[in-house]
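Shown next: structure27.txt, containing compact mmCIF, C-alpha atoms and all ligand atoms.
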```
# COMPACT_ATOMS: atom_id res chain seq x y z
CA MET A 258 -29.25 72.92 -34.28
CA SER A 259 -31.05 69.62 -34.71
CA GLU A 260 -30.11 66.77 -32.41
CA GLN A 261 -27.80 64.21 -34.04
CA ALA A 262 -28.73 60.53 -33.87
CA PRO A 263 -26.15 58.46 -31.98
CA LEU A 264 -23.81 56.41 -34.15
CA ILE A 265 -23.82 52.65 -34.02
CA THR A 266 -21.51 50.09 -35.58
CA MET A 267 -22.64 47.62 -38.19
CA GLN A 268 -20.65 45.21 -40.29
CA LEU A 269 -21.44 45.31 -43.99
CA MET A 270 -19.86 42.93 -46.50
CA GLY A 271 -17.16 42.18 -43.93
CA LYS A 272 -16.27 45.77 -43.07
CA ASN A 273 -17.27 47.88 -40.05
CA TYR A 274 -19.14 51.16 -40.54
CA ARG A 275 -20.43 53.78 -38.11
CA VAL A 276 -23.94 54.83 -39.10
CA PRO A 277 -26.70 56.81 -37.34
CA ALA A 278 -29.16 54.76 -35.30
CA GLY A 279 -32.70 54.78 -36.66
CA LEU A 280 -31.79 54.26 -40.31
CA THR A 281 -33.25 51.41 -42.30
CA LEU A 282 -30.70 48.84 -43.45
CA MET A 283 -31.06 50.23 -46.95
CA ALA A 284 -30.41 53.81 -45.83
CA ALA A 285 -27.49 52.62 -43.69
CA ILE A 286 -25.93 50.83 -46.67
CA GLU A 287 -26.19 54.03 -48.69
CA TYR A 288 -24.91 56.12 -45.77
CA ALA A 289 -21.87 53.80 -45.71
CA GLY A 290 -21.16 54.85 -49.28
CA TYR A 291 -22.63 52.05 -51.39
CA LYS A 292 -24.72 52.90 -54.42
CA LEU A 293 -27.56 50.42 -54.79
CA VAL A 294 -28.00 49.64 -58.47
CA ARG A 295 -29.52 46.25 -57.57
CA GLY A 296 -31.36 45.22 -54.44
CA ALA A 297 -33.54 48.31 -54.21
CA GLY A 298 -36.85 49.03 -55.83
CA CYS A 299 -40.00 50.37 -54.22
CA ARG A 300 -38.36 51.13 -50.83
CA GLY A 301 -41.78 50.49 -49.36
CA GLY A 302 -41.87 46.75 -48.63
CA PHE A 303 -43.74 45.74 -51.78
CA CYS A 304 -41.34 44.75 -54.55
CA GLY A 305 -39.26 42.14 -52.74
CA SER A 306 -35.97 43.24 -54.28
CA CYS A 307 -34.06 43.89 -51.04
CA PRO A 308 -33.77 40.51 -49.23
CA THR A 309 -31.09 40.66 -46.57
CA LEU A 310 -29.41 38.18 -44.23
CA TYR A 311 -27.96 39.28 -40.93
CA ARG A 312 -26.71 38.13 -37.58
CA ARG A 313 -26.97 39.91 -34.25
CA GLU A 314 -24.15 40.16 -31.80
CA GLY A 315 -24.33 37.35 -29.26
CA ASN A 316 -26.94 35.40 -31.19
CA HIS A 317 -26.14 32.38 -33.34
CA ARG A 318 -29.18 32.73 -35.59
CA ILE A 319 -29.27 34.01 -39.15
CA PHE A 320 -32.11 36.50 -39.41
CA THR A 321 -33.81 37.57 -42.61
CA ALA A 322 -35.29 40.93 -43.49
CA LEU A 323 -36.24 43.39 -46.18
CA ALA A 324 -33.55 46.07 -46.13
CA CYS A 325 -36.07 48.84 -46.71
CA GLN A 326 -38.27 47.76 -43.79
CA THR A 327 -35.81 46.93 -41.03
CA LEU A 328 -33.85 49.26 -38.79
CA VAL A 329 -30.15 48.92 -38.26
CA GLU A 330 -28.95 47.62 -34.88
CA ASP A 331 -25.64 48.02 -33.11
CA GLY A 332 -23.39 45.02 -33.73
CA MET A 333 -25.38 43.76 -36.69
CA CYS A 334 -23.52 41.92 -39.44
CA LEU A 335 -25.40 41.88 -42.73
CA VAL A 336 -25.27 41.13 -46.40
CA GLN A 337 -27.83 41.80 -49.11
CA MET A 338 -28.82 38.76 -51.13
CA PRO A 339 -28.95 38.59 -54.89
CA PHE A 340 -32.07 37.25 -56.58
CA VAL A 341 -32.61 33.52 -56.14
CA PRO A 342 -32.39 31.89 -59.60
CA LEU A 343 -35.75 30.80 -60.95
CA ILE A 344 -36.53 28.59 -63.93
CA THR A 345 -40.08 27.29 -64.26
CA ARG A 346 -41.87 25.33 -66.91
CA PRO A 347 -43.94 27.76 -68.96
CA TYR A 348 -47.69 27.35 -68.66
CA ASP A 349 -50.71 28.77 -70.38
CA LEU A 350 -53.46 29.73 -67.95
CA TYR A 351 -56.05 29.24 -70.66
CA THR A 352 -55.15 25.59 -71.11
CA ILE A 353 -54.30 24.37 -67.62
CA THR A 354 -57.11 23.86 -65.15
CA PRO A 355 -57.19 23.74 -61.36
CA GLN A 356 -57.00 20.00 -60.75
CA ALA A 357 -55.81 18.44 -57.50
CA ASN A 358 -52.44 17.61 -59.06
CA THR A 359 -51.92 20.77 -61.14
CA LEU A 360 -49.47 22.42 -58.75
CA LEU A 361 -47.62 19.15 -58.17
CA GLN A 362 -47.30 18.57 -61.91
CA HIS A 363 -45.76 21.99 -62.42
CA PHE A 364 -43.62 21.93 -59.30
CA PRO A 365 -42.85 18.26 -58.54
CA GLU A 366 -40.18 19.35 -56.05
CA ILE A 367 -42.89 20.29 -53.53
CA ALA A 368 -43.17 16.54 -52.84
CA GLY A 369 -39.71 16.82 -51.28
CA CYS A 370 -40.85 19.16 -48.49
CA VAL A 371 -39.54 17.80 -45.21
CA ALA A 372 -41.77 20.06 -43.10
CA CYS A 373 -38.83 21.77 -41.41
CA ASN A 374 -40.70 25.10 -41.36
CA THR A 375 -37.52 27.02 -42.25
CA CYS A 376 -39.41 28.84 -45.00
CA THR A 377 -42.04 30.13 -42.58
CA ARG A 378 -39.42 31.19 -40.10
CA SER A 379 -37.52 33.14 -42.74
CA CYS A 380 -40.38 34.95 -44.49
CA PRO A 381 -40.17 38.72 -43.91
CA GLN A 382 -43.86 38.96 -44.73
CA GLY A 383 -44.76 36.64 -41.87
CA LEU A 384 -46.49 34.20 -44.19
CA PRO A 385 -47.18 30.58 -43.25
CA VAL A 386 -45.03 29.45 -46.16
CA MET A 387 -44.79 25.78 -45.23
CA ASP A 388 -48.57 25.65 -44.91
CA TYR A 389 -49.10 26.97 -48.42
CA ILE A 390 -46.59 24.50 -49.82
CA GLN A 391 -48.34 21.67 -47.96
CA ALA A 392 -51.71 22.91 -49.24
CA SER A 393 -50.26 22.92 -52.77
CA LEU A 394 -49.11 19.34 -52.28
CA ARG A 395 -52.59 18.31 -51.18
CA GLY A 396 -54.12 20.04 -54.21
CA ASP A 397 -55.88 22.68 -52.11
CA ILE A 398 -55.37 25.54 -54.56
CA GLU A 399 -57.69 27.94 -52.74
CA ARG A 400 -55.83 27.60 -49.44
CA ALA A 401 -52.44 27.88 -51.18
CA ALA A 402 -53.61 31.03 -52.95
CA LEU A 403 -55.01 32.69 -49.86
CA LEU A 404 -52.08 31.82 -47.61
CA SER A 405 -49.57 33.10 -50.16
CA PHE A 406 -51.55 36.21 -51.04
CA ASP A 407 -49.06 38.67 -49.52
CA CYS A 408 -45.96 37.04 -51.03
CA ILE A 409 -43.70 39.65 -52.61
CA SER A 410 -41.38 37.12 -54.30
CA CYS A 411 -38.31 38.14 -52.34
CA GLY A 412 -37.00 34.56 -52.60
CA ILE A 413 -35.62 34.31 -49.06
CA CYS A 414 -37.63 31.15 -48.34
CA SER A 415 -36.28 29.48 -51.49
CA SER A 416 -32.71 30.34 -50.58
CA ARG A 417 -33.05 28.46 -47.30
CA CYS A 418 -35.21 25.49 -48.31
CA PRO A 419 -33.44 22.11 -48.15
CA ALA A 420 -35.82 20.79 -50.84
CA ASP A 421 -34.96 23.62 -53.29
CA ILE A 422 -38.63 24.57 -53.66
CA LYS A 423 -39.55 27.72 -55.59
CA HIS A 424 -42.19 28.78 -53.10
CA TYR A 425 -43.07 32.13 -54.63
CA ALA A 426 -43.64 30.58 -58.06
CA VAL A 427 -45.86 27.87 -56.56
CA GLY A 428 -47.90 30.51 -54.73
CA LEU A 429 -48.14 32.64 -57.86
CA LEU A 430 -49.58 29.79 -59.93
CA ALA A 431 -52.02 28.96 -57.12
CA ARG A 432 -53.22 32.57 -57.06
CA ARG A 433 -53.51 32.72 -60.84
CA LEU A 434 -55.58 29.53 -60.91
CA TYR A 435 -57.66 30.75 -57.99
CA GLY A 436 -58.29 34.12 -59.61
CA LYS A 437 -59.13 32.70 -63.02
CA TYR A 438 -61.13 29.59 -62.17
CA ILE A 439 -62.19 29.49 -58.53
CA THR A 440 -63.26 32.97 -57.41
CA PRO A 441 -66.86 33.83 -58.31
CA ASN A 442 -67.36 36.06 -61.33
CA ALA A 443 -67.85 39.74 -60.58
CA PRO A 444 -70.84 40.95 -62.62
CA ASP A 445 -70.10 44.64 -61.92
CA LEU A 446 -66.58 44.25 -63.25
CA ALA A 447 -67.81 42.47 -66.38
CA GLU A 448 -70.29 45.30 -67.00
CA ARG A 449 -67.56 47.90 -66.59
CA VAL A 450 -65.17 46.09 -68.95
CA ALA A 451 -67.93 45.79 -71.55
CA ALA A 452 -68.65 49.51 -71.23
CA ILE A 453 -64.97 50.31 -71.75
CA GLU A 454 -64.79 48.05 -74.79
CA THR A 455 -67.83 49.64 -76.41
CA GLY A 456 -66.60 53.16 -75.67
CA ASP A 457 -69.50 53.98 -73.32
CA VAL A 458 -67.19 55.51 -70.72
CA THR A 459 -65.15 57.72 -73.04
CA ALA A 460 -66.86 60.90 -71.82
CA GLU A 461 -66.29 59.89 -68.19
CA LEU A 462 -62.63 59.23 -68.89
CA ASP A 463 -62.24 62.56 -70.69
CA THR A 464 -63.68 64.31 -67.63
CA LEU A 465 -61.22 62.52 -65.36
CA MET A 466 -58.28 63.30 -67.63
CA ALA A 467 -59.15 67.00 -67.47
CA LEU A 468 -59.06 67.11 -63.63
CA SER A 469 -56.13 68.57 -61.75
CA ALA A 470 -54.03 66.34 -59.47
CA THR A 471 -55.69 67.93 -56.42
CA GLU A 472 -59.18 67.25 -57.72
CA LEU A 473 -58.23 63.69 -58.62
CA ARG A 474 -56.79 63.09 -55.15
CA SER A 475 -59.92 64.51 -53.54
CA ARG A 476 -62.15 62.21 -55.59
CA TYR A 477 -59.93 59.27 -54.76
CA GLU A 478 -60.14 60.02 -51.05
CA GLN A 479 -63.92 60.33 -51.21
CA ARG A 480 -64.45 57.10 -53.13
CA THR A 481 -66.95 54.62 -51.73
CA PHE A 482 -66.48 50.95 -51.11
CA GLU A 483 -68.83 48.07 -51.59
CA VAL A 484 -69.93 46.88 -48.16
CA VAL A 485 -68.99 43.30 -47.51
CA ALA A 486 -69.83 41.25 -44.46
CA GLU A 487 -67.09 41.10 -41.85
CA GLN A 488 -65.65 37.65 -42.13
CA GLU A 489 -63.09 36.07 -39.94
CA ASP A 490 -60.00 35.08 -41.88
CA PRO A 491 -60.16 31.28 -41.77
CA TYR A 492 -56.42 31.05 -42.20
CA SER A 493 -55.23 33.72 -39.81
CA ALA A 494 -54.57 31.24 -37.01
CA THR A 495 -51.77 29.68 -39.03
CA ARG A 496 -49.81 32.92 -39.27
CA SER A 497 -46.45 32.96 -37.58
CA TYR A 498 -44.48 36.13 -37.86
CA ASN A 499 -40.76 35.86 -38.26
CA SER A 500 -39.04 39.18 -38.46
CA ALA A 501 -36.35 40.99 -36.61
CA MET A 502 -38.87 41.13 -33.77
CA ASP A 503 -39.52 37.39 -34.01
CA PRO A 504 -40.40 36.13 -30.55
CA VAL A 505 -39.29 32.64 -31.53
CA ASP A 506 -35.71 31.77 -30.85
CA TYR A 507 -33.98 28.45 -31.08
CA GLN A 508 -33.24 28.76 -27.38
CA ASP A 509 -36.99 28.42 -26.80
CA GLU A 510 -37.12 25.31 -28.91
CA LEU A 511 -34.18 23.43 -27.47
CA GLU A 512 -35.12 21.04 -24.75
CA VAL A 513 -32.13 21.13 -22.47
CA SER A 514 -32.23 18.29 -20.02
CA GLY A 515 -30.76 19.27 -16.74
S1 LIG B 601 -38.13 25.10 -46.06
FE1 LIG B 601 -38.65 23.71 -47.76
S2 LIG B 601 -38.59 21.67 -46.85
FE2 LIG B 601 -38.69 23.12 -45.13
S3 LIG B 601 -40.91 23.32 -44.69
FE3 LIG B 601 -40.37 24.94 -46.14
S4 LIG B 601 -40.87 24.04 -48.14
FE4 LIG B 601 -40.72 22.35 -46.71
S1 LIG B 602 -43.13 33.45 -49.19
FE1 LIG B 602 -40.95 33.49 -49.67
S2 LIG B 602 -40.76 34.76 -51.50
FE2 LIG B 602 -42.78 35.17 -50.59
S3 LIG B 602 -42.45 36.93 -49.24
FE3 LIG B 602 -42.18 35.09 -47.96
S4 LIG B 602 -39.97 34.64 -48.03
FE4 LIG B 602 -40.42 36.10 -49.71
S1 LIG B 603 -37.07 47.92 -51.94
FE1 LIG B 603 -39.02 47.01 -52.47
S2 LIG B 603 -39.38 45.66 -50.79
FE2 LIG B 603 -37.55 46.67 -50.21
```
Now, as a test, write the supplied structure out as structure tokens.
Ligand code: SF4
Ligand code: SF4
Ligand code: FES
Amino acid sequence: MSEQAPLITMQLMGKNYRVPAGLTLMAAIEYAGYKLVRGAGCRGGFCGSCPTLYRREGNHRIFTALACQTLVEDGMCLVQMPFVPLITRPYDLYTITPQANTLLQHFPEIAGCVACNTCTRSCPQGLPVMDYIQASLRGDIERAALLSFDCISCGICSSRCPADIKHYAVGLLARRLYGKYITPNAPDLAERVAAIETGDVTAELDTLMALSATELRSRYEQRTFEVVAEQEDPYSATRSYNSAMDPVDYQDELEVSG
């Protein structure tokens, strides 16, 4: 008989449940009997649809997490968040250009950032969110795009921002502008697109379509990559991870005079 995981107690939507240790929050919610028709998507940490707030026993902080990526803890009290409402002015990437004030024009609320760093502290992706908002404010589109690259639009930062900034939408526009106007053109890609448009790769595609799943997987695994020079990430020093394992605690920040 397989060994049973010990049961722990968590509080979900105000009610206590006993669930096996080692489950993700998402699995624990389902184990408790809830059917997730919202707040679950990829279950792999990519879609951003499972933002969750929780407290730990004996700790005054509100922690943030992706329910599919975080393990349940004894004494945890949690609630899944709905999507943070988002209304943005529509824009046409073919008519706007990456000027120093483009992001500010589209998101004037970024001028209200009070540099509290709450967004960075709450990001389950560990992104330097305040830094990319500040870069957006300064008109540094490249930095805003690169710092926000791993944003999955979960909206947790926006739910906690005192300036009501729509961080993920700001980052998305920065990345769109960066991709369309700032990154160098890729000649190989242009050649490939032209070949597709003129039908020059039809035979190649037919061959691929005729392969079995096993053969396709094998080709995928044997694919080659363009060699690029190892480059140090110029922005990595600004990263500050804030997850359930966050080493930062308010206790560390309070200066208690004795
Ligand atoms: S939470 Fe809002 S106000 Fe605070 S640093 Fe982030 S963007 Fe600025
Ligand atoms: S930047 Fe904001 S929306 Fe993007 S992953 Fe982090 S918390 Fe979620
Ligand atoms: S379900 Fe997609 S990130 Fe959690």
Using all atoms listed in the file, which protein or nucleic acid residues come within 8 Å of region 426-429 of chain A? Drop anything in the same chain fewer than 4 positions from it, and give the result as JSON, numbers by chain. {"A": [345, 360, 364, 389, 390, 393, 401, 402, 405, 406, 408, 410, 433]}
Test item: residues no farther than 7 Å from ligand LIG 603 (chain B), counting all atoms listed in the file, as a list of chain:residue names: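 Here is the list of contacting residues: A:Gly296, A:Ala297, A:Gly298, A:Cys299, A:Arg300, A:Gly301, A:Gly302, A:Phe303, A:Cys304, A:Gly305, A:Ser306, A:Cys307, A:Leu323, A:Ala324, A:Cys325, A:Gln326.
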Report as a PyMOL selection string which protein, DNA and RNA residues come within 6 Å of ligand LIG 601 (chain B), using all atoms listed in the file. chain A and resi 370-376+387+390+418-420+422
Please check which protein, DNA or RNA residues sit within 7 Å of ligand LIG 602 (chain B), counting only C-alpha atoms and all ligand atoms, and write them as a ChimeraX atom specification. /A:305,376,379-384,386,405,407-415,424-425
Written selection (C-alpha atoms) as a JSON list (two decimals), in the coordinates of the input:
```json
[["chain", "number", "residue", "atom", "x", "y", "z"],
["A", 305, "GLY", "CA", -39.26, 42.14, -52.74],
["A", 376, "CYS", "CA", -39.41, 28.84, -45.00],
["A", 379, "SER", "CA", -37.52, 33.14, -42.74],
["A", 380, "CYS", "CA", -40.38, 34.95, -44.49],
["A", 381, "PRO", "CA", -40.17, 38.72, -43.91],
["A", 382, "GLN", "CA", -43.86, 38.96, -44.73],
["A", 383, "GLY", "CA", -44.76, 36.64, -41.87],
["A", 384, "LEU", "CA", -46.49, 34.20, -44.19],
["A", 386, "VAL", "CA", -45.03, 29.45, -46.16],
["A", 405, "SER", "CA", -49.57, 33.10, -50.16],
["A", 407, "ASP", "CA", -49.06, 38.67, -49.52],
["A", 408, "CYS", "CA", -45.96, 37.04, -51.03],
["A", 409, "ILE", "CA", -43.70, 39.65, -52.61],
["A", 410, "SER", "CA", -41.38, 37.12, -54.30],
["A", 411, "CYS", "CA", -38.31, 38.14, -52.34],
["A", 412, "GLY", "CA", -37.00, 34.56, -52.60],
["A", 413, "ILE", "CA", -35.62, 34.31, -49.06],
["A", 414, "CYS", "CA", -37.63, 31.15, -48.34],
["A", 415, "SER", "CA", -36.28, 29.48, -51.49],
["A", 424, "HIS", "CA", -42.19, 28.78, -53.10],
["A", 425, "TYR", "CA", -43.07, 32.13, -54.63]]
```
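The shortest atom-to-atom distance to Ile398 (chain A), with only C-alpha atoms taken into account, belongs to A:Asn358 out of A:Cys334, A:Asp421, A:Ala284, A:Asn358.
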Which distance in Å separates CA of Thr354 (chain A) and CA of Val341 (chain A), to one decimal? 27.8 Å
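Between Tyr274 (chain A) and the candidates A:Asp397, A:Arg476, A:Asp457, A:Ala289, the tightest atom-to-atom separation, counting only C-alpha atoms, involves A:Ala289.
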Axis-aligned box for region 419-437 of chain A, 5 Å per side, centre and edges in Å as AutoDock Vina command-line options:
```
--center_x -46.3 --center_y 27.5 --center_z -55.6 --size_x 35.7 --size_y 23.3 --size_z 24.9
```
Provide the CA of Tyr348 (chain A) to CA of Tyr438 (chain A) distance in Å, to one decimal place. 15.1 Å
Have a look at A:Leu328, A:Val336, A:Arg295, A:Thr309 and name the one nearest to Leu269 (chain A); count all atoms listed in the file. A:Val336
Please compute the CA of Leu404 (chain A)-CA of Ala431 (chain A) distance, one decimal, in Å.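 Pair CA of Leu404 (chain A) / CA of Ala431 (chain A) returns 9.9 Å.
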Give me the residues near Arg313 (chain A) as a PyMOL selection string, where near means some atom within 9 Å (using only C-alpha atoms) and where sequence neighbours in that chain fewer than 5 positions away do not count. chain A and resi 318-320+330-335
Rank nothing, just name the residue among A:Glu478, A:Leu446, A:Ala322, A:Lys423 nearest to Ile344 (chain A), using all atoms listed in the file.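 Result for the nearest residue to Ile344 (chain A): A:Lys423.
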Non-local contacts of Leu361 (chain A) (7 Å; only C-alpha atoms; under 4 positions in same chain excluded) as a PyMOL selection string: chain A and resi 365+367+394
Output file for the residues above (C-alpha atoms, as a CSV table (one decimal), in the frame of the given file):
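Writing the result to result_35.csv gives the following:
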```
chain,number,residue,atom,x,y,z
A,365,PRO,CA,-42.8,18.3,-58.5
A,367,ILE,CA,-42.9,20.3,-53.5
A,394,LEU,CA,-49.1,19.3,-52.3
```
